[in-house]
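Asks: Structure: input-v2.cif, mmCIF, C-alpha atoms (C1' of nucleotides).
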data_run
loop_
_atom_site.label_atom_id
_atom_site.label_comp_id
_atom_site.auth_asym_id
_atom_site.auth_seq_id
_atom_site.Cartn_x
_atom_site.Cartn_y
_atom_site.Cartn_z
CA MET V 876 66.30 100.12 126.24
CA ALA V 877 66.18 96.81 128.07
CA ALA V 878 63.80 95.45 125.45
CA TRP V 879 66.08 96.46 122.61
CA ILE V 880 69.08 94.77 124.18
CA ARG V 881 67.09 91.63 124.77
CA LEU V 882 65.97 91.64 121.17
CA LEU V 883 69.60 91.87 120.07
CA ARG V 884 70.73 89.06 122.36
CA ALA V 885 67.79 86.80 121.71
CA HIS V 886 68.27 87.17 117.98
CA ALA V 887 71.97 86.38 118.20
CA ALA V 888 71.49 83.33 120.38
CA LEU V 889 68.51 81.94 118.47
CA THR V 890 69.91 82.40 114.97
CA ARG V 891 73.19 80.89 116.07
CA GLU V 892 71.54 77.78 117.46
CA LEU V 893 68.96 77.38 114.69
CA SER V 894 71.50 77.94 111.94
CA SER V 895 73.87 75.45 113.51
CA ARG V 896 71.17 72.78 113.67
CA LEU V 897 70.11 73.39 110.07
CA GLU V 898 73.72 73.24 108.97
CA THR V 899 74.53 69.93 110.61
CA ARG V 900 71.28 68.17 109.69
CA HIS V 901 70.61 69.60 106.23
CA GLY V 902 73.62 71.60 105.11
CA LEU V 903 71.57 74.79 105.00
CA SER V 904 72.11 78.13 106.66
CA LEU V 905 69.17 79.92 108.28
CA ARG V 906 69.19 82.36 105.38
CA ASP V 907 69.15 79.56 102.84
CA TYR V 908 66.10 78.17 104.60
CA ASP V 909 64.49 81.58 104.77
CA VAL V 910 64.89 82.02 101.03
CA LEU V 911 63.57 78.52 100.33
CA VAL V 912 60.42 79.22 102.40
CA GLN V 913 59.72 82.38 100.48
CA ILE V 914 60.00 80.66 97.11
CA TYR V 915 58.10 77.59 98.31
CA PHE V 916 55.02 79.60 99.24
CA ALA V 917 55.20 81.98 96.28
CA PRO V 918 52.79 81.43 93.37
CA GLY V 919 54.29 78.88 90.98
CA ARG V 920 57.03 78.25 93.53
CA ARG V 921 59.13 80.94 91.94
CA MET V 922 59.99 84.56 92.72
CA ARG V 923 61.83 87.44 91.15
CA ARG V 924 65.28 87.66 92.68
CA ILE V 925 64.82 91.26 93.69
CA ASP V 926 61.64 90.45 95.57
CA ILE V 927 63.40 87.72 97.51
CA ALA V 928 66.09 90.19 98.46
CA ARG V 929 63.56 92.67 99.75
CA THR V 930 61.50 90.26 101.79
CA VAL V 931 64.42 88.57 103.53
CA ILE V 932 66.26 91.91 103.84
CA LEU V 933 69.43 91.03 101.96
CA SER V 934 71.29 93.10 99.37
CA PRO V 935 70.86 92.19 95.69
CA SER V 936 74.45 91.01 95.53
CA GLY V 937 73.86 88.90 98.60
CA ILE V 938 70.94 87.22 96.85
CA THR V 939 73.00 86.55 93.74
CA ARG V 940 75.60 84.70 95.77
CA LEU V 941 73.18 82.89 98.02
CA LEU V 942 71.18 81.65 95.02
CA ASP V 943 74.45 80.67 93.31
CA GLY V 944 74.94 78.20 96.11
CA LEU V 945 71.38 76.85 95.99
CA GLU V 946 71.67 76.50 92.19
CA ARG V 947 74.95 74.62 92.45
CA SER V 948 73.28 72.27 94.92
CA GLY V 949 70.41 71.82 92.49
CA TRP V 950 67.62 73.08 94.77
CA VAL V 951 66.90 76.17 92.71
CA LYS V 952 67.02 77.03 89.01
CA LYS V 953 66.82 80.24 87.00
CA GLU V 954 63.84 81.05 84.78
CA HIS V 955 63.55 83.97 82.40
CA CYS V 956 60.71 86.42 82.27
CA ALA V 957 58.98 86.72 78.90
CA SER V 958 57.66 90.24 79.40
CA ASP V 959 60.77 91.79 80.94
CA ALA V 960 64.22 90.58 79.92
CA ARG V 961 65.80 92.22 82.95
CA VAL V 962 64.24 89.97 85.52
CA THR V 963 65.23 86.43 86.37
CA TYR V 964 63.06 84.17 88.47
CA ALA V 965 64.42 81.84 91.10
CA ALA V 966 62.34 78.66 90.97
CA LEU V 967 62.46 75.57 93.16
CA THR V 968 63.46 72.38 91.40
CA GLU V 969 61.74 69.12 92.29
CA THR V 970 64.60 68.08 94.49
CA GLY V 971 64.53 71.57 95.96
CA VAL V 972 60.94 71.07 97.03
CA GLU V 973 61.83 67.77 98.65
CA LYS V 974 64.88 69.26 100.30
CA PHE V 975 62.87 72.09 101.75
CA GLU V 976 60.11 69.85 103.02
CA GLN V 977 62.63 67.66 104.79
CA ALA V 978 64.37 70.64 106.36
CA ARG V 979 61.06 72.19 107.30
CA ALA V 980 60.02 69.28 109.46
CA THR V 981 62.97 69.52 111.79
CA HIS V 982 63.26 73.29 111.61
CA LEU V 983 59.67 73.90 112.68
CA ALA V 984 60.28 71.64 115.66
CA ASP V 985 63.45 73.55 116.52
CA VAL V 986 61.70 76.91 116.33
CA GLU V 987 58.90 75.55 118.47
CA GLU V 988 61.37 74.28 121.04
CA LEU V 989 63.52 77.39 121.27
CA PHE V 990 60.91 80.05 120.61
CA GLY V 991 57.26 79.02 120.36
CA SER V 992 57.11 76.93 123.49
CA ARG V 993 58.10 79.90 125.64
CA PHE V 994 54.80 81.69 125.07
CA SER V 995 51.08 81.08 125.40
CA ASP V 996 48.86 81.76 122.41
CA ASP V 997 47.95 85.12 123.86
CA GLU V 998 51.53 86.09 124.47
CA HIS V 999 52.49 84.91 121.03
CA HIS V 1000 49.90 87.21 119.60
CA GLN V 1001 51.05 90.12 121.76
CA LEU V 1002 54.64 89.62 120.74
CA ALA V 1003 53.79 89.50 117.04
CA ASP V 1004 51.74 92.67 117.44
CA LEU V 1005 54.52 94.55 119.23
CA LEU V 1006 57.26 93.46 116.84
CA GLY V 1007 55.00 94.24 113.90
CA ARG V 1008 55.15 97.92 114.76
CA LEU V 1009 58.85 98.17 114.09
CA PRO V 1010 60.00 99.74 110.84
CA LEU V 1011 61.02 97.37 108.06
CA ALA V 1012 62.43 100.02 105.72
CA ASP V 1013 61.68 98.88 102.17
CA ALA V 1014 61.11 95.25 103.14
CA GLY V 1015 58.38 93.57 101.18
CA ALA V 1016 55.38 91.48 102.13
CA CYS V 1017 56.86 89.90 105.26
CA ASN V 1018 55.13 86.71 104.16
CA SER V 1019 53.34 84.02 106.05
CA GLU V 1020 55.14 81.11 107.70
CA MET Y 53 55.68 81.51 113.79
CA ALA Y 54 54.58 84.99 112.75
CA ALA Y 55 56.30 86.45 115.81
CA TRP Y 56 59.56 84.70 115.03
CA ILE Y 57 59.60 85.98 111.46
CA ARG Y 58 58.88 89.48 112.67
CA LEU Y 59 61.71 89.26 115.15
CA LEU Y 60 64.04 88.23 112.34
CA ARG Y 61 62.92 91.02 110.03
CA ALA Y 62 62.79 93.69 112.69
CA HIS Y 63 66.28 92.80 113.82
CA ALA Y 64 67.65 92.91 110.28
CA ALA Y 65 66.05 96.25 109.46
CA LEU Y 66 66.91 97.91 112.77
CA THR Y 67 70.52 96.79 113.00
CA ARG Y 68 71.08 97.78 109.40
CA GLU Y 69 69.76 101.28 109.94
CA LEU Y 70 71.34 101.81 113.35
CA SER Y 71 74.70 100.48 112.24
CA SER Y 72 74.65 102.65 109.16
CA ARG Y 73 73.95 105.77 111.21
CA LEU Y 74 76.69 104.94 113.71
CA GLU Y 75 79.10 104.29 110.87
CA THR Y 76 78.53 107.58 109.07
CA ARG Y 77 78.44 109.77 112.18
CA HIS Y 78 81.04 108.10 114.36
CA GLY Y 79 82.85 105.47 112.33
CA LEU Y 80 81.58 102.72 114.61
CA SER Y 81 79.68 99.54 113.86
CA LEU Y 82 76.77 98.53 116.06
CA ARG Y 83 78.96 95.79 117.51
CA ASP Y 84 81.74 98.25 118.26
CA TYR Y 85 79.22 100.36 120.13
CA ASP Y 86 77.83 97.35 121.92
CA VAL Y 87 81.28 96.41 123.16
CA LEU Y 88 82.04 99.98 124.22
CA VAL Y 89 78.82 100.12 126.29
CA GLN Y 90 79.70 96.95 128.11
CA ILE Y 91 83.15 98.17 129.03
CA TYR Y 92 81.89 101.66 129.89
CA PHE Y 93 79.49 100.36 132.53
CA ALA Y 94 81.80 97.67 133.88
CA PRO Y 95 83.59 98.29 137.20
CA GLY Y 96 86.79 100.23 136.50
CA ARG Y 97 85.67 100.64 132.91
CA ARG Y 98 87.41 97.45 131.99
CA MET Y 99 86.41 93.85 131.32
CA ARG Y 100 88.02 90.51 130.64
CA ARG Y 101 87.94 89.86 126.92
CA ILE Y 102 86.20 86.54 127.35
CA ASP Y 103 83.40 88.14 129.36
CA ILE Y 104 82.84 90.70 126.64
CA ALA Y 105 82.59 87.90 124.11
CA ARG Y 106 80.00 86.10 126.17
CA THR Y 107 77.78 89.07 126.88
CA VAL Y 108 77.66 90.40 123.32
CA ILE Y 109 77.49 86.82 121.94
CA LEU Y 110 80.58 86.88 119.74
CA SER Y 111 83.27 84.23 119.41
CA PRO Y 112 86.59 84.78 121.20
CA SER Y 113 88.36 85.26 117.89
CA GLY Y 114 85.74 87.78 116.86
CA ILE Y 115 86.47 89.74 120.04
CA THR Y 116 90.21 89.67 119.40
CA ARG Y 117 89.74 91.23 115.98
CA LEU Y 118 87.08 93.69 117.01
CA LEU Y 119 89.22 94.92 119.90
CA ASP Y 120 92.23 95.09 117.56
CA GLY Y 121 90.32 97.74 115.66
CA LEU Y 122 89.29 99.68 118.77
CA GLU Y 123 92.87 99.54 120.04
CA ARG Y 124 94.27 100.80 116.75
CA SER Y 125 91.82 103.68 116.95
CA GLY Y 126 92.97 104.37 120.49
CA TRP Y 127 89.60 103.92 122.22
CA VAL Y 128 90.64 100.79 124.10
CA LYS Y 129 93.86 99.49 125.62
CA LYS Y 130 95.01 96.15 127.01
CA GLU Y 131 95.70 95.64 130.70
CA HIS Y 132 97.19 92.56 132.29
CA CYS Y 133 95.77 90.68 135.20
CA ALA Y 134 98.08 90.30 138.20
CA SER Y 135 96.49 87.17 139.59
CA ASP Y 136 96.04 85.27 136.32
CA ALA Y 137 98.50 85.68 133.48
CA ARG Y 138 96.07 84.16 131.00
CA VAL Y 139 93.57 86.96 131.09
CA THR Y 140 93.84 90.33 129.43
CA TYR Y 141 91.51 93.17 130.25
CA ALA Y 142 90.09 95.51 127.67
CA ALA Y 143 89.96 98.98 129.23
CA LEU Y 144 88.60 102.23 127.85
CA THR Y 145 91.15 104.97 127.28
CA GLU Y 146 90.29 108.56 128.08
CA THR Y 147 89.60 109.31 124.45
CA GLY Y 148 87.61 106.09 124.33
CA VAL Y 149 85.34 107.36 127.08
CA GLU Y 150 84.84 110.62 125.20
CA LYS Y 151 84.26 108.81 121.95
CA PHE Y 152 81.65 106.58 123.51
CA GLU Y 153 79.84 109.41 125.21
CA GLN Y 154 79.60 111.30 121.94
CA ALA Y 155 78.32 108.26 120.09
CA ARG Y 156 75.93 107.44 122.89
CA ALA Y 157 74.10 110.74 122.60
CA THR Y 158 73.08 110.25 119.00
CA HIS Y 159 72.68 106.49 119.27
CA LEU Y 160 70.22 106.69 122.15
CA ALA Y 161 68.17 109.14 120.12
CA ASP Y 162 68.26 106.80 117.13
CA VAL Y 163 67.15 103.82 119.18
CA GLU Y 164 64.38 105.92 120.69
CA GLU Y 165 63.23 107.01 117.26
CA LEU Y 166 63.28 103.60 115.59
CA PHE Y 167 62.39 101.41 118.55
CA GLY Y 168 61.41 103.05 121.82
CA SER Y 169 58.90 105.51 120.43
CA ARG Y 170 56.78 102.68 119.02
CA PHE Y 171 55.72 101.47 122.46
CA SER Y 172 54.11 102.80 125.62
CA ASP Y 173 55.84 102.21 128.94
CA ASP Y 174 53.57 99.26 129.57
CA GLU Y 175 54.20 97.73 126.20
CA HIS Y 176 57.89 98.28 126.59
CA HIS Y 177 57.79 96.34 129.81
CA GLN Y 178 55.74 93.55 128.23
CA LEU Y 179 58.13 93.26 125.33
CA ALA Y 180 61.16 93.08 127.59
CA ASP Y 181 59.43 90.42 129.66
CA LEU Y 182 58.53 88.29 126.65
CA LEU Y 183 61.95 88.55 125.01
CA GLY Y 184 63.59 87.85 128.35
CA ARG Y 185 62.20 84.33 128.31
CA LEU Y 186 64.17 83.33 125.26
CA PRO Y 187 67.26 81.20 125.74
CA LEU Y 188 70.60 83.00 125.67
CA ALA Y 189 72.77 79.88 125.63
CA ASP Y 190 75.91 80.70 127.61
CA ALA Y 191 75.48 84.45 127.32
CA GLY Y 192 76.51 86.35 130.40
CA ALA Y 193 74.87 89.01 132.49
CA CYS Y 194 72.93 90.68 129.70
CA ASN Y 195 73.88 93.96 131.30
CA SER Y 196 72.01 97.14 131.85
CA GLU Y 197 71.74 99.84 129.19
"C1'" DC T 26 107.04 67.05 140.62
"C1'" DT T 27 104.70 65.41 136.67
"C1'" DT T 28 100.83 64.66 133.94
"C1'" DG T 29 96.28 65.75 132.28
"C1'" DT T 30 92.66 68.93 131.71
"C1'" DA T 31 90.44 73.37 131.48
"C1'" DT T 32 90.74 78.18 130.39
"C1'" DA T 33 92.15 82.67 127.94
"C1'" DC T 34 93.67 84.19 123.92
"C1'" DT T 35 95.52 84.46 119.04
"C1'" DT T 36 96.11 83.16 114.16
"C1'" DG T 37 95.12 81.13 109.48
"C1'" DA T 38 91.77 79.73 106.30
"C1'" DG T 39 87.35 79.96 104.45
"C1'" DG T 40 82.65 81.80 104.03
"C1'" DT T 41 79.16 85.53 103.91
"C1'" DC T 42 77.85 90.09 103.33
"C1'" DG T 43 77.49 95.09 101.68
"C1'" DC T 44 79.08 98.84 98.83
"C1'" DA T 45 80.55 100.76 94.61
"C1'" DA T 46 80.73 100.11 89.92
"C1'" DG T 47 79.22 98.29 85.74
"C1'" DC T 48 76.05 96.14 82.19
"C1'" DA T 49 71.66 95.46 79.88
"C1'" DA T 50 66.88 96.19 79.37
"C1'" DA T 51 62.84 99.05 80.19
"C1'" DT T 52 60.74 103.51 80.53
"C1'" DA T 53 60.28 108.51 80.27
"C1'" DT T 54 61.29 112.80 77.91
"C1'" DA T 55 62.45 115.66 74.17
"C1'" DT P 1097 64.06 108.79 66.83
"C1'" DA P 1098 67.48 110.19 70.27
"C1'" DT P 1099 68.74 110.87 75.07
"C1'" DA P 1100 68.34 110.32 80.00
"C1'" DT P 1101 66.75 107.85 83.95
"C1'" DT P 1102 65.33 103.82 86.39
"C1'" DT P 1103 65.42 99.01 87.37
"C1'" DG P 1104 67.24 94.14 87.75
"C1'" DC P 1105 71.24 91.81 88.13
"C1'" DT P 1106 76.30 90.67 88.57
"C1'" DT P 1107 81.26 91.27 89.95
"C1'" DG P 1108 85.50 93.10 92.48
"C1'" DC P 1109 86.79 94.42 96.68
"C1'" DG P 1110 87.11 94.88 101.47
"C1'" DA P 1111 85.13 94.15 106.09
"C1'" DC P 1112 83.73 90.96 109.41
"C1'" DC P 1113 82.73 86.47 111.41
"C1'" DT P 1114 83.36 81.46 112.63
"C1'" DC P 1115 85.84 77.23 113.07
"C1'" DA P 1116 89.93 74.62 113.80
"C1'" DA P 1117 94.32 74.64 115.54
"C1'" DG P 1118 98.02 76.29 118.31
"C1'" DT P 1119 100.24 78.70 122.48
"C1'" DA P 1120 100.48 79.81 127.25
"C1'" DT P 1121 98.82 79.73 131.85
"C1'" DA P 1122 96.23 77.71 135.78
"C1'" DC P 1123 94.88 73.93 138.44
"C1'" DA P 1124 93.90 69.23 139.99
"C1'" DA P 1125 95.37 64.34 140.70
"C1'" DG P 1126 98.73 60.87 141.06
#
Rewrite the structure from the file as structure tokens, please.
Replies:
Amino acid sequence: MAAWIRLLRAHAALTRELSSRLETRHGLSLRDYDVLVQIYFAPGRRMRRIDIARTVILSPSGITRLLDGLERSGWVKKEHCASDARVTYAALTETGVEKFEQARATHLADVEELFGSRFSDDEHHQLADLLGRLPLADAGACNSE
Amino acid sequence: MAAWIRLLRAHAALTRELSSRLETRHGLSLRDYDVLVQIYFAPGRRMRRIDIARTVILSPSGITRLLDGLERSGWVKKEHCASDARVTYAALTETGVEKFEQARATHLADVEELFGSRFSDDEHHQLADLLGRLPLADAGACNSE
DNA sequence: CTTGTATACTTGAGGTCGCAAGCAAATATA
DNA sequence: TATATTTGCTTGCGACCTCAAGTATACAAG
């Protein structure tokens, strides 16, 4: 039970600090960033909206509204699917790619400072292994990065 | 970085499932439960509101509104501090104690199912150790349970 | 005693999220 | 072809959270 509580607290403290830094330096929330990473590393730098929702564990309506914001800012644009008229892709724009790459530089450093630097390579591997056993429900690929 | 992403995803999936189960069976959110635990194990089954906020990592205004709900339901009541008129205690009522103990029974089983059962005693200890190194900002005692 | 600062708490406004409901397109079944 | 189900997506609504601002109390310094 101690481990579960620590996971809860660590998550709360880390996301609060990381999101705050992203917000002040880049005007992005941690979720915004998370979505941008997923699209950035997807083939063609675009993803079906439903797949984004599943991998970042957000409801479909949540994705609609989050992408609304990124579209209004011009980082992301919609693209239609030729073979299935139901699906819409979310694709990074050119400025979206630049925006993400800028944010990525400082964010990776922040994650390293607050998280990565606390563990040796071995411990890092252990931690990933242990956390990897937890159930993700219907979450998707749990991509790289 | 893999470990950090897994922590994010595991937290999202677990809190979603645990909160949903608490909600349907007891009408409590995971945060409600978290606050009730803290008060339950505090001396005199009461805590200063600000201390609750710090240990569960919620803003003071968040605590005011969360406790509003628990007070309206009758699980928690306010108590004044004799030595400092600024502070208000949040204390469990009798029905609040019962409510918590009922919720606790099923919640502990849920946490065991979704979290505890995935690890051996050794691994559990390792995980708690690793997560314990992460920064908690100004979070308080990070209590038992 | 008065002034300034820190602390505990509350309230209003604004943002984010999930659920339920609804629409449209695809797919399965008759 | 006609009907039913599933899937992808959006919208209205309500719940919850944070931030900024305000109130009240405590305390420290002049």
Asks: Using all atoms listed in the file, determine which residues lie at most 9 Å from range 42-50 of chain T, disregarding the query and same-chain residues fewer than 6 positions distant; provide the list as a PyMOL selection string.
Replies: (chain V and resi 933-934+936-937+959-961) or (chain P and resi 1103-1108+1111-1112)
Asks: Once chain V is superposed on chain Y with a least-squares fit on all C-alpha pairs taken in order, can you show it as an mmCIF file with C-alpha atoms, keeping the file's coordinate frame?
Replies:
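Listing of superposed18.cif after writing:
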data_model
loop_
_atom_site.group_PDB
_atom_site.id
_atom_site.type_symbol
_atom_site.label_atom_id
_atom_site.label_comp_id
_atom_site.auth_asym_id
_atom_site.auth_seq_id
_atom_site.Cartn_x
_atom_site.Cartn_y
_atom_site.Cartn_z
ATOM 1 C CA MET V 876 55.701 81.503 113.771
ATOM 2 C CA ALA V 877 54.605 84.973 112.731
ATOM 3 C CA ALA V 878 56.307 86.425 115.793
ATOM 4 C CA TRP V 879 59.569 84.683 115.015
ATOM 5 C CA ILE V 880 59.614 85.967 111.456
ATOM 6 C CA ARG V 881 58.888 89.467 112.636
ATOM 7 C CA LEU V 882 61.711 89.235 115.124
ATOM 8 C CA LEU V 883 64.062 88.212 112.319
ATOM 9 C CA ARG V 884 62.940 91.019 110.021
ATOM 10 C CA ALA V 885 62.809 93.687 112.674
ATOM 11 C CA HIS V 886 66.300 92.794 113.812
ATOM 12 C CA ALA V 887 67.670 92.911 110.281
ATOM 13 C CA ALA V 888 66.071 96.234 109.455
ATOM 14 C CA LEU V 889 66.905 97.911 112.764
ATOM 15 C CA THR V 890 70.526 96.788 112.987
ATOM 16 C CA ARG V 891 71.071 97.790 109.388
ATOM 17 C CA GLU V 892 69.747 101.293 109.937
ATOM 18 C CA LEU V 893 71.332 101.828 113.356
ATOM 19 C CA SER V 894 74.695 100.487 112.252
ATOM 20 C CA SER V 895 74.643 102.668 109.166
ATOM 21 C CA ARG V 896 73.947 105.789 111.221
ATOM 22 C CA LEU V 897 76.683 104.960 113.727
ATOM 23 C CA GLU V 898 79.096 104.312 110.895
ATOM 24 C CA THR V 899 78.530 107.588 109.092
ATOM 25 C CA ARG V 900 78.432 109.793 112.196
ATOM 26 C CA HIS V 901 81.042 108.109 114.391
ATOM 27 C CA GLY V 902 82.849 105.471 112.368
ATOM 28 C CA LEU V 903 81.576 102.722 114.651
ATOM 29 C CA SER V 904 79.671 99.562 113.886
ATOM 30 C CA LEU V 905 76.746 98.548 116.097
ATOM 31 C CA ARG V 906 78.931 95.819 117.560
ATOM 32 C CA ASP V 907 81.725 98.256 118.299
ATOM 33 C CA TYR V 908 79.212 100.382 120.169
ATOM 34 C CA ASP V 909 77.815 97.371 121.966
ATOM 35 C CA VAL V 910 81.271 96.424 123.189
ATOM 36 C CA LEU V 911 82.036 99.998 124.248
ATOM 37 C CA VAL V 912 78.822 100.140 126.333
ATOM 38 C CA GLN V 913 79.711 96.957 128.133
ATOM 39 C CA ILE V 914 83.182 98.183 129.052
ATOM 40 C CA TYR V 915 81.926 101.671 129.909
ATOM 41 C CA PHE V 916 79.531 100.386 132.556
ATOM 42 C CA ALA V 917 81.842 97.679 133.892
ATOM 43 C CA PRO V 918 83.647 98.312 137.197
ATOM 44 C CA GLY V 919 86.853 100.240 136.512
ATOM 45 C CA ARG V 920 85.717 100.655 132.914
ATOM 46 C CA ARG V 921 87.472 97.455 131.990
ATOM 47 C CA MET V 922 86.436 93.857 131.329
ATOM 48 C CA ARG V 923 88.038 90.522 130.655
ATOM 49 C CA ARG V 924 87.943 89.855 126.935
ATOM 50 C CA ILE V 925 86.194 86.547 127.371
ATOM 51 C CA ASP V 926 83.416 88.146 129.379
ATOM 52 C CA ILE V 927 82.839 90.717 126.664
ATOM 53 C CA ALA V 928 82.564 87.925 124.140
ATOM 54 C CA ARG V 929 79.969 86.124 126.199
ATOM 55 C CA THR V 930 77.771 89.097 126.936
ATOM 56 C CA VAL V 931 77.631 90.416 123.379
ATOM 57 C CA ILE V 932 77.449 86.856 121.990
ATOM 58 C CA LEU V 933 80.531 86.908 119.788
ATOM 59 C CA SER V 934 83.212 84.238 119.415
ATOM 60 C CA PRO V 935 86.541 84.768 121.202
ATOM 61 C CA SER V 936 88.285 85.240 117.878
ATOM 62 C CA GLY V 937 85.666 87.772 116.901
ATOM 63 C CA ILE V 938 86.432 89.740 120.056
ATOM 64 C CA THR V 939 90.161 89.645 119.385
ATOM 65 C CA ARG V 940 89.665 91.214 115.980
ATOM 66 C CA LEU V 941 87.028 93.693 117.029
ATOM 67 C CA LEU V 942 89.198 94.913 119.917
ATOM 68 C CA ASP V 943 92.184 95.065 117.542
ATOM 69 C CA GLY V 944 90.291 97.718 115.655
ATOM 70 C CA LEU V 945 89.276 99.675 118.761
ATOM 71 C CA GLU V 946 92.888 99.511 120.012
ATOM 72 C CA ARG V 947 94.261 100.774 116.713
ATOM 73 C CA SER V 948 91.813 103.668 116.929
ATOM 74 C CA GLY V 949 92.988 104.345 120.465
ATOM 75 C CA TRP V 950 89.620 103.900 122.207
ATOM 76 C CA VAL V 951 90.641 100.772 124.073
ATOM 77 C CA LYS V 952 93.877 99.471 125.584
ATOM 78 C CA LYS V 953 95.031 96.136 126.974
ATOM 79 C CA GLU V 954 95.743 95.630 130.676
ATOM 80 C CA HIS V 955 97.250 92.551 132.264
ATOM 81 C CA CYS V 956 95.825 90.667 135.181
ATOM 82 C CA ALA V 957 98.152 90.291 138.161
ATOM 83 C CA SER V 958 96.548 87.159 139.574
ATOM 84 C CA ASP V 959 96.069 85.258 136.318
ATOM 85 C CA ALA V 960 98.542 85.683 133.470
ATOM 86 C CA ARG V 961 96.110 84.153 130.998
ATOM 87 C CA VAL V 962 93.596 86.941 131.085
ATOM 88 C CA THR V 963 93.856 90.314 129.416
ATOM 89 C CA TYR V 964 91.534 93.168 130.246
ATOM 90 C CA ALA V 965 90.105 95.504 127.658
ATOM 91 C CA ALA V 966 90.003 98.974 129.210
ATOM 92 C CA LEU V 967 88.633 102.227 127.832
ATOM 93 C CA THR V 968 91.194 104.947 127.264
ATOM 94 C CA GLU V 969 90.322 108.550 128.063
ATOM 95 C CA THR V 970 89.624 109.300 124.450
ATOM 96 C CA GLY V 971 87.630 106.083 124.332
ATOM 97 C CA VAL V 972 85.370 107.358 127.080
ATOM 98 C CA GLU V 973 84.851 110.607 125.214
ATOM 99 C CA LYS V 974 84.261 108.789 121.960
ATOM 100 C CA PHE V 975 81.658 106.570 123.525
ATOM 101 C CA GLU V 976 79.855 109.414 125.231
ATOM 102 C CA GLN V 977 79.626 111.298 121.963
ATOM 103 C CA ALA V 978 78.331 108.257 120.106
ATOM 104 C CA ARG V 979 75.922 107.465 122.901
ATOM 105 C CA ALA V 980 74.100 110.753 122.607
ATOM 106 C CA THR V 981 73.085 110.253 119.014
ATOM 107 C CA HIS V 982 72.670 106.500 119.279
ATOM 108 C CA LEU V 983 70.208 106.692 122.161
ATOM 109 C CA ALA V 984 68.160 109.140 120.117
ATOM 110 C CA ASP V 985 68.254 106.796 117.128
ATOM 111 C CA VAL V 986 67.138 103.816 119.193
ATOM 112 C CA GLU V 987 64.372 105.913 120.685
ATOM 113 C CA GLU V 988 63.231 107.004 117.246
ATOM 114 C CA LEU V 989 63.283 103.601 115.582
ATOM 115 C CA PHE V 990 62.388 101.407 118.533
ATOM 116 C CA GLY V 991 61.396 103.053 121.812
ATOM 117 C CA SER V 992 58.889 105.492 120.415
ATOM 118 C CA ARG V 993 56.783 102.668 118.997
ATOM 119 C CA PHE V 994 55.700 101.461 122.430
ATOM 120 C CA SER V 995 54.080 102.779 125.585
ATOM 121 C CA ASP V 996 55.805 102.168 128.899
ATOM 122 C CA ASP V 997 53.528 99.229 129.533
ATOM 123 C CA GLU V 998 54.178 97.697 126.163
ATOM 124 C CA HIS V 999 57.876 98.263 126.561
ATOM 125 C CA HIS V 1000 57.751 96.325 129.766
ATOM 126 C CA GLN V 1001 55.708 93.531 128.192
ATOM 127 C CA LEU V 1002 58.105 93.237 125.303
ATOM 128 C CA ALA V 1003 61.146 93.070 127.572
ATOM 129 C CA ASP V 1004 59.415 90.402 129.644
ATOM 130 C CA LEU V 1005 58.523 88.269 126.623
ATOM 131 C CA LEU V 1006 61.939 88.545 124.993
ATOM 132 C CA GLY V 1007 63.586 87.849 128.335
ATOM 133 C CA ARG V 1008 62.192 84.333 128.290
ATOM 134 C CA LEU V 1009 64.178 83.330 125.248
ATOM 135 C CA PRO V 1010 67.274 81.200 125.728
ATOM 136 C CA LEU V 1011 70.615 82.994 125.659
ATOM 137 C CA ALA V 1012 72.790 79.871 125.661
ATOM 138 C CA ASP V 1013 75.920 80.698 127.656
ATOM 139 C CA ALA V 1014 75.487 84.461 127.337
ATOM 140 C CA GLY V 1015 76.516 86.368 130.406
ATOM 141 C CA ALA V 1016 74.883 89.072 132.478
ATOM 142 C CA CYS V 1017 72.911 90.714 129.668
ATOM 143 C CA ASN V 1018 73.823 94.014 131.298
ATOM 144 C CA SER V 1019 71.916 97.193 131.819
ATOM 145 C CA GLU V 1020 71.649 99.897 129.165
#
Asks: Please write as a list in words the full residue list that the PyMOL selection byres ((chain Y) within 7 of (chain V)) yields on this file.
Replies: Met53, Ala54, Ala55, Arg58, Leu59, Arg61, Ala62, Ala64, Ala65, Ile109, Leu166, Phe167, Arg170, His176, Leu179, Ala180, Leu183, Gly184, Arg185, Leu186, Pro187, Leu188, Ala189, Ser196 and Glu197 of chain Y
Asks: Store the residues picked out above in a file with C-alpha atoms, as a compact mmCIF listing (two decimals), keeping the file's coordinate frame.
Replies:
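Once everything was written out, this is result.txt:
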# COMPACT_ATOMS: atom_id res chain seq x y z
CA MET Y 53 55.68 81.51 113.79
CA ALA Y 54 54.58 84.99 112.75
CA ALA Y 55 56.30 86.45 115.81
CA ARG Y 58 58.88 89.48 112.67
CA LEU Y 59 61.71 89.26 115.15
CA ARG Y 61 62.92 91.02 110.03
CA ALA Y 62 62.79 93.69 112.69
CA ALA Y 64 67.65 92.91 110.28
CA ALA Y 65 66.05 96.25 109.46
CA ILE Y 109 77.49 86.82 121.94
CA LEU Y 166 63.28 103.60 115.59
CA PHE Y 167 62.39 101.41 118.55
CA ARG Y 170 56.78 102.68 119.02
CA HIS Y 176 57.89 98.28 126.59
CA LEU Y 179 58.13 93.26 125.33
CA ALA Y 180 61.16 93.08 127.59
CA LEU Y 183 61.95 88.55 125.01
CA GLY Y 184 63.59 87.85 128.35
CA ARG Y 185 62.20 84.33 128.31
CA LEU Y 186 64.17 83.33 125.26
CA PRO Y 187 67.26 81.20 125.74
CA LEU Y 188 70.60 83.00 125.67
CA ALA Y 189 72.77 79.88 125.63
CA SER Y 196 72.01 97.14 131.85
CA GLU Y 197 71.74 99.84 129.19
Asks: Env of DT35 in chain T: 9 Å cut, atoms = only C-alpha atoms (C1' of nucleotides), seq-sep filter 4 positions within chain, self excluded. Answer as a list in words.
Replies: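 Selected residues are Ser113 and Thr116 of chain Y; DG1118 and DT1119 of chain P.
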